[in-house]
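Peer 1: Provided below: input-v3.cif, containing mmCIF, C-alpha atoms (C1' of nucleotides).
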```
data_work
#
loop_
_atom_site.label_atom_id
_atom_site.label_comp_id
_atom_site.auth_asym_id
_atom_site.auth_seq_id
_atom_site.Cartn_x
_atom_site.Cartn_y
_atom_site.Cartn_z
CA MET A 1036 -85.62 17.68 53.32
CA ASN A 1037 -83.75 14.44 52.64
CA MET A 1038 -81.88 13.52 49.46
CA ARG A 1039 -84.82 11.70 47.90
CA GLU A 1040 -87.17 14.63 48.26
CA PHE A 1041 -84.60 17.25 47.32
CA SER A 1042 -83.75 15.26 44.21
CA ALA A 1043 -87.43 15.09 43.26
CA GLN A 1044 -87.98 18.81 43.95
CA SER A 1045 -84.92 19.95 42.04
CA GLY A 1046 -85.20 17.51 39.16
CA LEU A 1047 -81.54 16.54 39.56
CA SER A 1048 -80.36 13.04 40.43
CA ALA A 1049 -78.81 12.31 43.83
CA HIS A 1050 -75.56 11.57 41.97
CA THR A 1051 -75.60 14.98 40.32
CA LEU A 1052 -76.45 16.77 43.56
CA ARG A 1053 -73.55 15.10 45.38
CA TYR A 1054 -71.32 16.04 42.46
CA TYR A 1055 -72.48 19.67 42.64
CA GLU A 1056 -71.78 19.77 46.34
CA LYS A 1057 -68.35 18.21 45.81
CA ILE A 1058 -67.28 20.84 43.28
CA GLY A 1059 -68.47 23.61 45.60
CA LEU A 1060 -71.73 24.65 43.96
CA LEU A 1061 -73.81 23.83 47.03
CA PRO A 1062 -72.01 25.25 50.05
CA GLY A 1063 -73.26 24.89 53.59
CA ILE A 1064 -75.55 21.88 53.24
CA GLN A 1065 -76.40 20.72 56.78
CA ARG A 1066 -76.18 17.12 58.01
CA ASN A 1067 -78.40 15.28 60.46
CA ALA A 1068 -77.22 13.02 63.30
CA SER A 1069 -76.54 10.08 60.98
CA GLY A 1070 -74.51 12.11 58.51
CA HIS A 1071 -77.28 12.41 55.89
CA ARG A 1072 -77.76 15.71 54.10
CA ALA A 1073 -80.61 17.89 55.39
CA PHE A 1074 -81.55 20.33 52.63
CA THR A 1075 -83.50 23.52 53.28
CA SER A 1076 -85.91 25.40 51.06
CA ARG A 1077 -83.18 28.00 50.67
CA ASP A 1078 -80.96 25.28 49.21
CA LEU A 1079 -83.77 24.47 46.82
CA GLU A 1080 -84.04 28.08 45.65
CA TRP A 1081 -80.32 28.17 45.07
CA VAL A 1082 -80.16 24.91 43.13
CA ASN A 1083 -83.11 26.04 41.02
CA PHE A 1084 -81.16 29.16 40.17
CA ILE A 1085 -78.12 27.04 39.28
CA VAL A 1086 -80.29 25.03 36.91
CA ARG A 1087 -81.58 28.22 35.33
CA LEU A 1088 -78.06 29.47 34.69
CA LYS A 1089 -76.99 26.06 33.37
CA ASP A 1090 -80.04 25.80 31.09
CA THR A 1091 -79.21 29.18 29.64
CA GLY A 1092 -75.74 28.04 28.72
CA MET A 1093 -73.55 29.09 31.64
CA SER A 1094 -70.80 26.57 32.38
CA LEU A 1095 -70.55 25.02 35.84
CA GLY A 1096 -67.18 26.75 36.16
CA ASN A 1097 -68.74 30.17 35.73
CA ILE A 1098 -71.65 29.27 37.97
CA LEU A 1099 -69.10 28.25 40.58
CA ALA A 1100 -67.40 31.64 40.30
CA TYR A 1101 -70.76 33.31 40.88
CA SER A 1102 -71.43 30.94 43.76
CA LYS A 1103 -68.19 31.91 45.46
CA LEU A 1104 -69.07 35.60 45.20
CA ARG A 1105 -72.47 34.86 46.71
CA ALA A 1106 -70.83 32.99 49.59
CA ALA A 1107 -68.49 35.94 50.15
CA GLY A 1108 -71.40 38.17 51.17
CA ASP A 1109 -72.91 41.53 50.31
CA SER A 1110 -69.69 43.21 49.26
CA THR A 1111 -69.84 41.24 45.99
CA LEU A 1112 -73.33 42.35 45.00
CA GLY A 1113 -72.02 44.67 42.30
CA ARG A 1114 -69.86 42.02 40.70
CA ARG A 1115 -72.66 39.49 40.81
CA GLN A 1116 -75.03 41.96 39.17
CA HIS A 1117 -72.45 42.53 36.44
CA ILE A 1118 -72.08 38.80 35.76
CA LEU A 1119 -75.83 38.40 35.51
CA GLU A 1120 -76.14 41.38 33.18
CA GLU A 1121 -73.49 39.97 30.85
CA HIS A 1122 -75.14 36.58 30.91
CA ARG A 1123 -78.55 38.12 30.26
CA ASP A 1124 -77.17 39.98 27.25
CA ALA A 1125 -75.56 36.83 25.89
CA LEU A 1126 -78.84 34.97 26.32
CA LYS A 1127 -80.71 37.71 24.50
CA THR A 1128 -78.29 37.47 21.59
CA ARG A 1129 -78.58 33.72 21.51
CA ILE A 1130 -82.36 33.86 21.42
CA GLU A 1131 -82.16 36.24 18.48
CA THR A 1132 -79.77 33.91 16.66
CA GLU A 1133 -82.02 30.96 17.36
CA GLN A 1134 -84.97 32.85 15.93
CA LEU A 1135 -83.01 33.27 12.70
CA HIS A 1136 -82.23 29.54 12.72
CA LEU A 1137 -85.91 28.85 13.27
CA LYS A 1138 -86.82 30.91 10.22
CA ALA A 1139 -84.23 29.10 8.12
CA LEU A 1140 -85.54 25.72 9.25
CA ASP A 1141 -89.07 26.78 8.42
CA ALA A 1142 -87.94 27.80 4.96
CA LYS A 1143 -86.23 24.44 4.44
CA ILE A 1144 -89.33 22.57 5.59
CA THR A 1145 -91.49 24.62 3.24
CA HIS A 1146 -89.10 23.65 0.47
CA TYR A 1147 -89.48 19.95 1.38
CA ARG A 1148 -93.25 20.37 1.30
CA SER A 1149 -93.14 21.88 -2.17
CA LEU A 1150 -91.12 18.89 -3.41
CA LYS A 1151 -93.61 16.47 -1.90
CA ALA A 1152 -96.80 17.94 -3.34
CA PRO A 1153 -95.87 19.82 -6.48
CA MET B 1106 -61.52 24.81 -2.67
CA ASN B 1107 -58.61 23.56 -0.54
CA MET B 1108 -58.72 22.83 3.19
CA ARG B 1109 -57.47 26.27 4.19
CA GLU B 1110 -60.15 28.11 2.29
CA PHE B 1111 -62.93 25.70 3.22
CA SER B 1112 -61.99 26.02 6.85
CA ALA B 1113 -62.12 29.81 6.59
CA GLN B 1114 -65.44 29.77 4.73
CA SER B 1115 -67.11 27.33 7.12
CA GLY B 1116 -65.67 28.69 10.32
CA LEU B 1117 -64.61 25.19 11.39
CA SER B 1118 -61.01 24.14 11.98
CA ALA B 1119 -59.30 21.72 9.61
CA HIS B 1120 -59.15 19.26 12.52
CA THR B 1121 -62.89 19.47 13.01
CA LEU B 1122 -63.61 19.14 9.30
CA ARG B 1123 -61.47 15.99 9.04
CA TYR B 1124 -63.23 14.67 12.10
CA TYR B 1125 -66.63 15.36 10.54
CA GLU B 1126 -65.59 13.57 7.38
CA LYS B 1127 -64.25 10.63 9.39
CA ILE B 1128 -67.52 10.09 11.27
CA GLY B 1129 -69.44 10.27 8.00
CA LEU B 1130 -70.95 13.75 8.16
CA LEU B 1131 -69.25 14.89 4.97
CA PRO B 1132 -69.69 12.13 2.42
CA GLY B 1133 -68.29 12.30 -1.08
CA ILE B 1134 -65.54 14.87 -0.63
CA GLN B 1135 -63.37 14.74 -3.76
CA ARG B 1136 -59.58 14.49 -3.78
CA ASN B 1137 -57.08 16.01 -6.18
CA ALA B 1138 -54.13 14.23 -7.73
CA SER B 1139 -52.02 14.51 -4.59
CA GLY B 1140 -54.70 13.17 -2.27
CA HIS B 1141 -55.72 16.57 -0.88
CA ARG B 1142 -59.41 17.28 -0.33
CA ALA B 1143 -61.09 19.40 -3.01
CA PHE B 1144 -64.24 20.90 -1.51
CA THR B 1145 -67.07 22.25 -3.64
CA SER B 1146 -69.56 25.02 -2.94
CA ARG B 1147 -72.15 22.29 -2.48
CA ASP B 1148 -70.00 20.88 0.34
CA LEU B 1149 -69.97 24.34 1.85
CA GLU B 1150 -73.76 24.59 1.77
CA TRP B 1151 -74.00 21.22 3.44
CA VAL B 1152 -71.49 21.98 6.17
CA ASN B 1153 -73.24 25.28 6.83
CA PHE B 1154 -76.46 23.37 7.32
CA ILE B 1155 -74.70 20.98 9.68
CA VAL B 1156 -73.52 23.94 11.73
CA ARG B 1157 -77.04 25.32 11.83
CA LEU B 1158 -78.42 22.03 13.16
CA LYS B 1159 -75.58 21.77 15.67
CA ASP B 1160 -76.04 25.36 16.85
CA THR B 1161 -79.70 24.66 17.46
CA GLY B 1162 -78.86 21.76 19.71
CA MET B 1163 -78.94 18.71 17.43
CA SER B 1164 -76.30 16.13 18.35
CA LEU B 1165 -73.77 15.02 15.75
CA GLY B 1166 -75.29 11.54 16.03
CA ASN B 1167 -78.69 12.81 14.94
CA ILE B 1168 -77.17 15.00 12.25
CA LEU B 1169 -75.39 11.89 11.00
CA ALA B 1170 -78.69 10.01 10.80
CA TYR B 1171 -80.12 12.86 8.74
CA SER B 1172 -76.99 12.88 6.61
CA LYS B 1173 -77.35 9.18 5.82
CA LEU B 1174 -80.95 9.73 4.70
CA ARG B 1175 -79.80 12.57 2.48
CA ALA B 1176 -77.13 10.35 0.95
CA ALA B 1177 -79.75 7.67 0.32
CA GLY B 1178 -81.57 9.90 -2.15
CA ASP B 1179 -85.05 11.22 -2.85
CA SER B 1180 -86.95 8.30 -1.35
CA THR B 1181 -86.08 9.62 2.12
CA LEU B 1182 -87.48 13.11 1.58
CA GLY B 1183 -90.51 12.44 3.77
CA ARG B 1184 -88.46 11.15 6.68
CA ARG B 1185 -86.03 14.03 6.41
CA GLN B 1186 -88.90 16.50 6.44
CA HIS B 1187 -90.27 14.82 9.54
CA ILE B 1188 -86.92 15.05 11.36
CA LEU B 1189 -86.65 18.73 10.51
CA GLU B 1190 -90.19 19.41 11.68
CA GLU B 1191 -89.57 17.73 15.01
CA HIS B 1192 -86.34 19.63 15.42
CA ARG B 1193 -88.01 22.90 14.49
CA ASP B 1194 -90.72 22.29 17.10
CA ALA B 1195 -88.12 21.48 19.76
CA LEU B 1196 -86.25 24.65 18.90
CA LYS B 1197 -89.45 26.69 19.14
CA THR B 1198 -90.10 25.26 22.59
CA ARG B 1199 -86.56 25.95 23.68
CA ILE B 1200 -86.75 29.56 22.54
CA GLU B 1201 -89.93 29.98 24.56
CA THR B 1202 -88.28 28.49 27.63
CA GLU B 1203 -85.28 30.73 27.17
CA GLN B 1204 -87.53 33.75 26.98
CA LEU B 1205 -88.92 32.81 30.40
CA HIS B 1206 -85.37 32.43 31.72
CA LEU B 1207 -84.58 35.84 30.27
CA LYS B 1208 -87.49 37.39 32.15
CA ALA B 1209 -86.41 35.73 35.38
CA LEU B 1210 -82.86 37.00 34.94
CA ASP B 1211 -84.15 40.48 34.27
CA ALA B 1212 -86.18 40.32 37.47
CA LYS B 1213 -83.15 39.17 39.44
CA ILE B 1214 -81.04 41.98 37.99
CA THR B 1215 -83.73 44.52 38.84
CA HIS B 1216 -83.67 43.15 42.37
CA TYR B 1217 -79.88 43.61 42.54
CA ARG B 1218 -80.31 47.20 41.30
CA SER B 1219 -82.82 47.95 44.03
CA LEU B 1220 -80.36 46.71 46.65
CA LYS B 1221 -77.60 48.87 45.24
CA ALA B 1222 -79.48 52.16 45.11
CA PRO B 1223 -82.23 52.01 47.70
"C1'" DA C 1411 -81.47 -9.94 65.45
"C1'" DT C 1412 -82.17 -9.41 60.98
"C1'" DG C 1413 -83.00 -7.67 56.84
"C1'" DC C 1414 -84.14 -3.85 54.14
"C1'" DA C 1415 -84.55 1.01 52.62
"C1'" DG C 1416 -82.11 4.84 52.24
"C1'" DG C 1417 -78.46 7.11 52.83
"C1'" DT C 1418 -72.78 7.81 52.81
"C1'" DT C 1419 -67.78 8.05 50.55
"C1'" DA C 1420 -63.82 7.92 47.25
"C1'" DG C 1421 -62.87 7.22 43.10
"C1'" DA C 1422 -63.45 4.95 38.53
"C1'" DG C 1423 -65.85 5.08 34.08
"C1'" DC C 1424 -68.48 7.11 30.42
"C1'" DT C 1425 -70.00 10.11 26.35
"C1'" DA C 1426 -69.76 13.90 23.17
"C1'" DA C 1427 -67.16 16.65 20.55
"C1'" DC C 1428 -63.38 18.00 19.64
"C1'" DT C 1429 -58.07 18.83 19.59
"C1'" DC C 1430 -53.62 17.56 19.07
"C1'" DT C 1431 -49.40 14.72 17.78
"C1'" DA C 1432 -46.25 12.15 15.05
"C1'" DA C 1433 -44.79 10.79 11.02
"C1'" DG C 1434 -45.27 11.06 6.38
"C1'" DT C 1435 -46.38 12.86 1.20
"C1'" DC C 1436 -46.22 16.22 -2.39
"C1'" DA C 1437 -45.39 20.41 -5.44
"C1'" DA C 1438 -43.13 24.51 -6.21
"C1'" DG C 1439 -39.26 27.88 -5.58
"C1'" DG C 1440 -34.21 28.99 -4.95
"C1'" DC D 650 -31.16 18.83 -4.82
"C1'" DC D 651 -33.18 20.78 -0.87
"C1'" DT D 652 -36.25 23.31 1.81
"C1'" DT D 653 -40.74 25.11 2.78
"C1'" DG D 654 -45.42 24.82 3.54
"C1'" DA D 655 -49.75 22.89 2.87
"C1'" DC D 656 -51.63 18.93 3.20
"C1'" DT D 657 -52.37 13.63 4.67
"C1'" DT D 658 -53.26 9.60 8.20
"C1'" DA D 659 -54.03 6.88 12.51
"C1'" DG D 660 -54.55 7.28 16.79
"C1'" DA D 661 -53.82 9.44 21.40
"C1'" DG D 662 -55.28 13.10 24.64
"C1'" DT D 663 -58.53 16.58 26.50
"C1'" DT D 664 -62.63 18.74 28.62
"C1'" DA D 665 -67.20 19.09 30.58
"C1'" DG D 666 -70.54 17.09 32.98
"C1'" DC D 667 -72.18 13.69 34.62
"C1'" DT D 668 -72.99 8.52 36.07
"C1'" DC D 669 -71.87 4.55 38.25
"C1'" DT D 670 -69.57 1.19 41.51
"C1'" DA D 671 -68.11 -0.86 45.72
"C1'" DA D 672 -68.08 -0.96 50.20
"C1'" DC D 673 -69.96 0.77 54.08
"C1'" DC D 674 -73.40 2.96 57.77
"C1'" DT D 675 -78.02 3.66 60.21
"C1'" DG D 676 -82.67 3.28 61.76
"C1'" DC D 677 -86.82 0.93 61.61
"C1'" DA D 678 -90.10 -3.06 61.06
"C1'" DT D 679 -90.78 -8.01 61.29
#
```
Transcribe the structure of this file into structure tokens.
Peer 2:
Amino acid sequence: MNMREFSAQSGLSAHTLRYYEKIGLLPGIQRNASGHRAFTSRDLEWVNFIVRLKDTGMSLGNILAYSKLRAAGDSTLGRRQHILEEHRDALKTRIETEQLHLKALDAKITHYRSLKAP
Amino acid sequence: MNMREFSAQSGLSAHTLRYYEKIGLLPGIQRNASGHRAFTSRDLEWVNFIVRLKDTGMSLGNILAYSKLRAAGDSTLGRRQHILEEHRDALKTRIETEQLHLKALDAKITHYRSLKAP
DNA sequence: ATGCAGGTTAGAGCTAACTCTAAGTCAAGG
DNA sequence: CCTTGACTTAGAGTTAGCTCTAACCTGCAT
């Protein structure tokens, strides 16, 4: 898979993908004879997971830490599981908080409505 | 209410509060004889609402736009209601997306568990 | 052989949202 | 009178995460 297709598949710009590789988030990307990146479907799975972590509020720094454990092999499975569990719990809490915010916004909107058509 | 107490009540640092006032998010803050800010409980309600919008992903730029409408008086009620409704809908969508992410994380963690204790 | 599409690099530049610094004012207590 | 501490300002500095630029390669079609 070339850069164009990988960018389309992942939803990230070529600029962003090169940046991710540069900071170490995408280790082991192969190159073809002319020095162009040759992405695999495994790379795609990994970058999709990165996006999931990012979209749920994990910083690139923390994702990088996870990435390094992953690159270090099976002996880090336990630590990786722990990181994911903590992140999952944080996400759960955030969703709950956001549901409270949603309720408060709904209440405010209802208040606006009552002012509009009294 | 002086800066120290307002900062404690709002959970924002004095630096951040001055910054918010500077960019126009906190209009009409009164001053006492020696030029110090004198916050009211109405200011506190407003800054709490700002924090709610921010915590649900609204940029300070958009909050500022809302703030300017609020300062412009009752004639902007309809537009303010519209902004809130759009934001509420976006939040709803985001919560739903996050719930999918949560499920995916749970699945990944379950997978890790199965590797650990086969 | 030439021009174009699609890559490559190092490194500069950008935006949002703070966060801090320096230098100063003011009121009250010892 | 002098110090202490809480405040003030303008403006500089920081961080995260991109985003872009300039200059350069490479392979293919006209």
Peer 1: Neighbours of region 1414-1420 of chain C within 10 Å (all atoms listed in the file; same-chain residues fewer than 6 positions away dropped), as a PyMOL selection string?
Peer 2: (chain A and resi 1037-1039+1069-1072) or (chain D and resi 671-678)
Peer 1: Skip DT679 (chain D) itself and residues of its chain fewer than 6 positions away, then list as an MDAnalysis selection string all residues within 12 Å of it, counting only C-alpha atoms (C1' of nucleotides).
Peer 2: chainID C and resid 1411:1414
Peer 1: If the PyMOL selection byres ((chain D and resi 663) around 9) were run on this exact file, what residues would it hold? Put them as an MDAnalysis selection string.
Peer 2: (chainID C and resid 1428:1430) or (chainID D and resid 662 664)
Peer 1: Could you make a table, as a Markdown table, of the residues of chain A that have an atom within 10 Å of an atom of chain B, each with its nearest atom pair and distance in Å to one decimal, counting only C-alpha atoms, in chain and number order?
Peer 2:
```
| residue | atom | partner | partner_atom | distance |
| --- | --- | --- | --- | --- |
| A:Phe1084 | CA | B:Leu1210 | CA | 9.6 |
| A:Arg1087 | CA | B:His1206 | CA | 6.7 |
| A:Leu1088 | CA | B:His1206 | CA | 8.4 |
| A:Asp1090 | CA | B:Glu1203 | CA | 8.2 |
| A:Thr1091 | CA | B:Glu1203 | CA | 6.7 |
| A:Asp1109 | CA | B:Leu1220 | CA | 9.8 |
| A:Leu1112 | CA | B:Tyr1217 | CA | 7.1 |
| A:Gly1113 | CA | B:Lys1221 | CA | 7.6 |
| A:Arg1115 | CA | B:Tyr1217 | CA | 8.5 |
| A:Gln1116 | CA | B:Ile1214 | CA | 6.1 |
| A:His1117 | CA | B:Ile1214 | CA | 8.7 |
| A:Ile1118 | CA | B:Ile1214 | CA | 9.8 |
| A:Leu1119 | CA | B:Ile1214 | CA | 6.8 |
| A:Glu1120 | CA | B:Ile1214 | CA | 6.9 |
| A:His1122 | CA | B:Leu1210 | CA | 8.7 |
| A:Arg1123 | CA | B:Leu1207 | CA | 6.4 |
| A:Asp1124 | CA | B:Leu1207 | CA | 9.0 |
| A:Leu1126 | CA | B:Leu1207 | CA | 7.0 |
| A:Lys1127 | CA | B:Leu1207 | CA | 7.2 |
| A:Arg1129 | CA | B:Ile1200 | CA | 9.2 |
| A:Ile1130 | CA | B:Ile1200 | CA | 6.2 |
| A:Glu1131 | CA | B:Ile1200 | CA | 9.1 |
| A:Thr1132 | CA | B:Thr1161 | CA | 9.3 |
| A:Glu1133 | CA | B:Thr1161 | CA | 6.7 |
| A:Gln1134 | CA | B:Ile1200 | CA | 7.6 |
| A:Leu1135 | CA | B:Arg1157 | CA | 10.0 |
| A:His1136 | CA | B:Arg1157 | CA | 6.7 |
| A:Leu1137 | CA | B:Arg1193 | CA | 6.4 |
| A:Lys1138 | CA | B:Arg1193 | CA | 9.2 |
| A:Ala1139 | CA | B:Arg1157 | CA | 8.9 |
| A:Leu1140 | CA | B:Arg1193 | CA | 6.4 |
| A:Asp1141 | CA | B:Arg1193 | CA | 7.3 |
| A:Lys1143 | CA | B:Leu1189 | CA | 8.3 |
| A:Ile1144 | CA | B:Gln1186 | CA | 6.1 |
| A:Thr1145 | CA | B:Gln1186 | CA | 9.1 |
| A:His1146 | CA | B:Gln1186 | CA | 9.3 |
| A:Tyr1147 | CA | B:Gln1186 | CA | 6.2 |
| A:Arg1148 | CA | B:Gln1186 | CA | 7.8 |
| A:Leu1150 | CA | B:Leu1182 | CA | 8.5 |
| A:Lys1151 | CA | B:Gly1183 | CA | 7.6 |
```
Peer 1: Which chain D residues are at most 9 Å from chain A (counting all atoms listed in the file), as an NGL selection string?
Peer 2: :D and (665-669 or 674-675)
Peer 1: Write out as a list of chain:residue names which residues come within 12 Å of Phe1144 (chain B) when counting all atoms listed in the file, dropping same-chain ones fewer than 5 positions away.
Peer 2: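 Once the adjacent positions are removed, what remains is B:Met1106, B:Asn1107, B:Met1108, B:Arg1109, B:Glu1110, B:Phe1111, B:Ser1112, B:Gln1114, B:Ser1115, B:Leu1122, B:Arg1123, B:Glu1126, B:Leu1131, B:Pro1132, B:Gly1133, B:Ile1134, B:Gln1135, B:Arg1136, B:Asn1137, B:Leu1149, B:Glu1150, B:Trp1151, B:Val1152.
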Peer 1: Those residues you just picked out, can you put them in a file as an mmCIF file, in the coordinates of the input with C-alpha atoms?
Peer 2:
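File written: selection.cif
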```cif
data_model
loop_
_atom_site.group_PDB
_atom_site.id
_atom_site.type_symbol
_atom_site.label_atom_id
_atom_site.label_comp_id
_atom_site.auth_asym_id
_atom_site.auth_seq_id
_atom_site.Cartn_x
_atom_site.Cartn_y
_atom_site.Cartn_z
ATOM 1 C CA MET B 1106 -61.520 24.810 -2.670
ATOM 2 C CA ASN B 1107 -58.610 23.560 -0.540
ATOM 3 C CA MET B 1108 -58.720 22.830 3.190
ATOM 4 C CA ARG B 1109 -57.470 26.270 4.190
ATOM 5 C CA GLU B 1110 -60.150 28.110 2.290
ATOM 6 C CA PHE B 1111 -62.930 25.700 3.220
ATOM 7 C CA SER B 1112 -61.990 26.020 6.850
ATOM 8 C CA GLN B 1114 -65.440 29.770 4.730
ATOM 9 C CA SER B 1115 -67.110 27.330 7.120
ATOM 10 C CA LEU B 1122 -63.610 19.140 9.300
ATOM 11 C CA ARG B 1123 -61.470 15.990 9.040
ATOM 12 C CA GLU B 1126 -65.590 13.570 7.380
ATOM 13 C CA LEU B 1131 -69.250 14.890 4.970
ATOM 14 C CA PRO B 1132 -69.690 12.130 2.420
ATOM 15 C CA GLY B 1133 -68.290 12.300 -1.080
ATOM 16 C CA ILE B 1134 -65.540 14.870 -0.630
ATOM 17 C CA GLN B 1135 -63.370 14.740 -3.760
ATOM 18 C CA ARG B 1136 -59.580 14.490 -3.780
ATOM 19 C CA ASN B 1137 -57.080 16.010 -6.180
ATOM 20 C CA LEU B 1149 -69.970 24.340 1.850
ATOM 21 C CA GLU B 1150 -73.760 24.590 1.770
ATOM 22 C CA TRP B 1151 -74.000 21.220 3.440
ATOM 23 C CA VAL B 1152 -71.490 21.980 6.170
#
```
Peer 1: Run the PyMOL selection byres ((chain C) within 12 of (chain B)) against the file shown and list the residues it catches, as a PDB file with C-alpha atoms (C1' of nucleotides), keeping the file's coordinate frame.
Peer 2:
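Contents of result-v4.pdb, as written:
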```pdb
ATOM      1  C1'  DT C1425     -70.000  10.110  26.350  1.00  0.00           C
ATOM      2  C1'  DA C1426     -69.760  13.900  23.170  1.00  0.00           C
ATOM      3  C1'  DA C1427     -67.160  16.650  20.550  1.00  0.00           C
ATOM      4  C1'  DC C1428     -63.380  18.000  19.640  1.00  0.00           C
ATOM      5  C1'  DT C1429     -58.070  18.830  19.590  1.00  0.00           C
ATOM      6  C1'  DC C1430     -53.620  17.560  19.070  1.00  0.00           C
ATOM      7  C1'  DT C1431     -49.400  14.720  17.780  1.00  0.00           C
ATOM      8  C1'  DT C1435     -46.380  12.860   1.200  1.00  0.00           C
ATOM      9  C1'  DC C1436     -46.220  16.220  -2.390  1.00  0.00           C
ATOM     10  C1'  DA C1437     -45.390  20.410  -5.440  1.00  0.00           C
TER      11       DA C1437
END
```
Peer 1: C1' of DT657 (chain D) to C1' of DG1434 (chain C): how many Å, to one decimal?
Peer 2: 7.7 Å
Peer 1: Just the number, please: distance in Å from CA of Ile1085 (chain A) to CA of Glu1191 (chain B), one decimal.
Peer 2: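 Result for CA of Ile1085 (chain A) versus CA of Glu1191 (chain B): 28.4 Å, one decimal.
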Peer 1: What is the distance, in Å and to one decimal place, between CA of Tyr1171 (chain B) and CA of Lys1159 (chain B)?
Peer 2: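 A separation of 12.2 Å between them.
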Peer 1: Given the file shown, determine the residues that the PyMOL selection byres ((chain C and resi 1440) around 12) selects; report them as a ChimeraX atom specification.
Peer 2: /C:1438-1439 /D:650-653
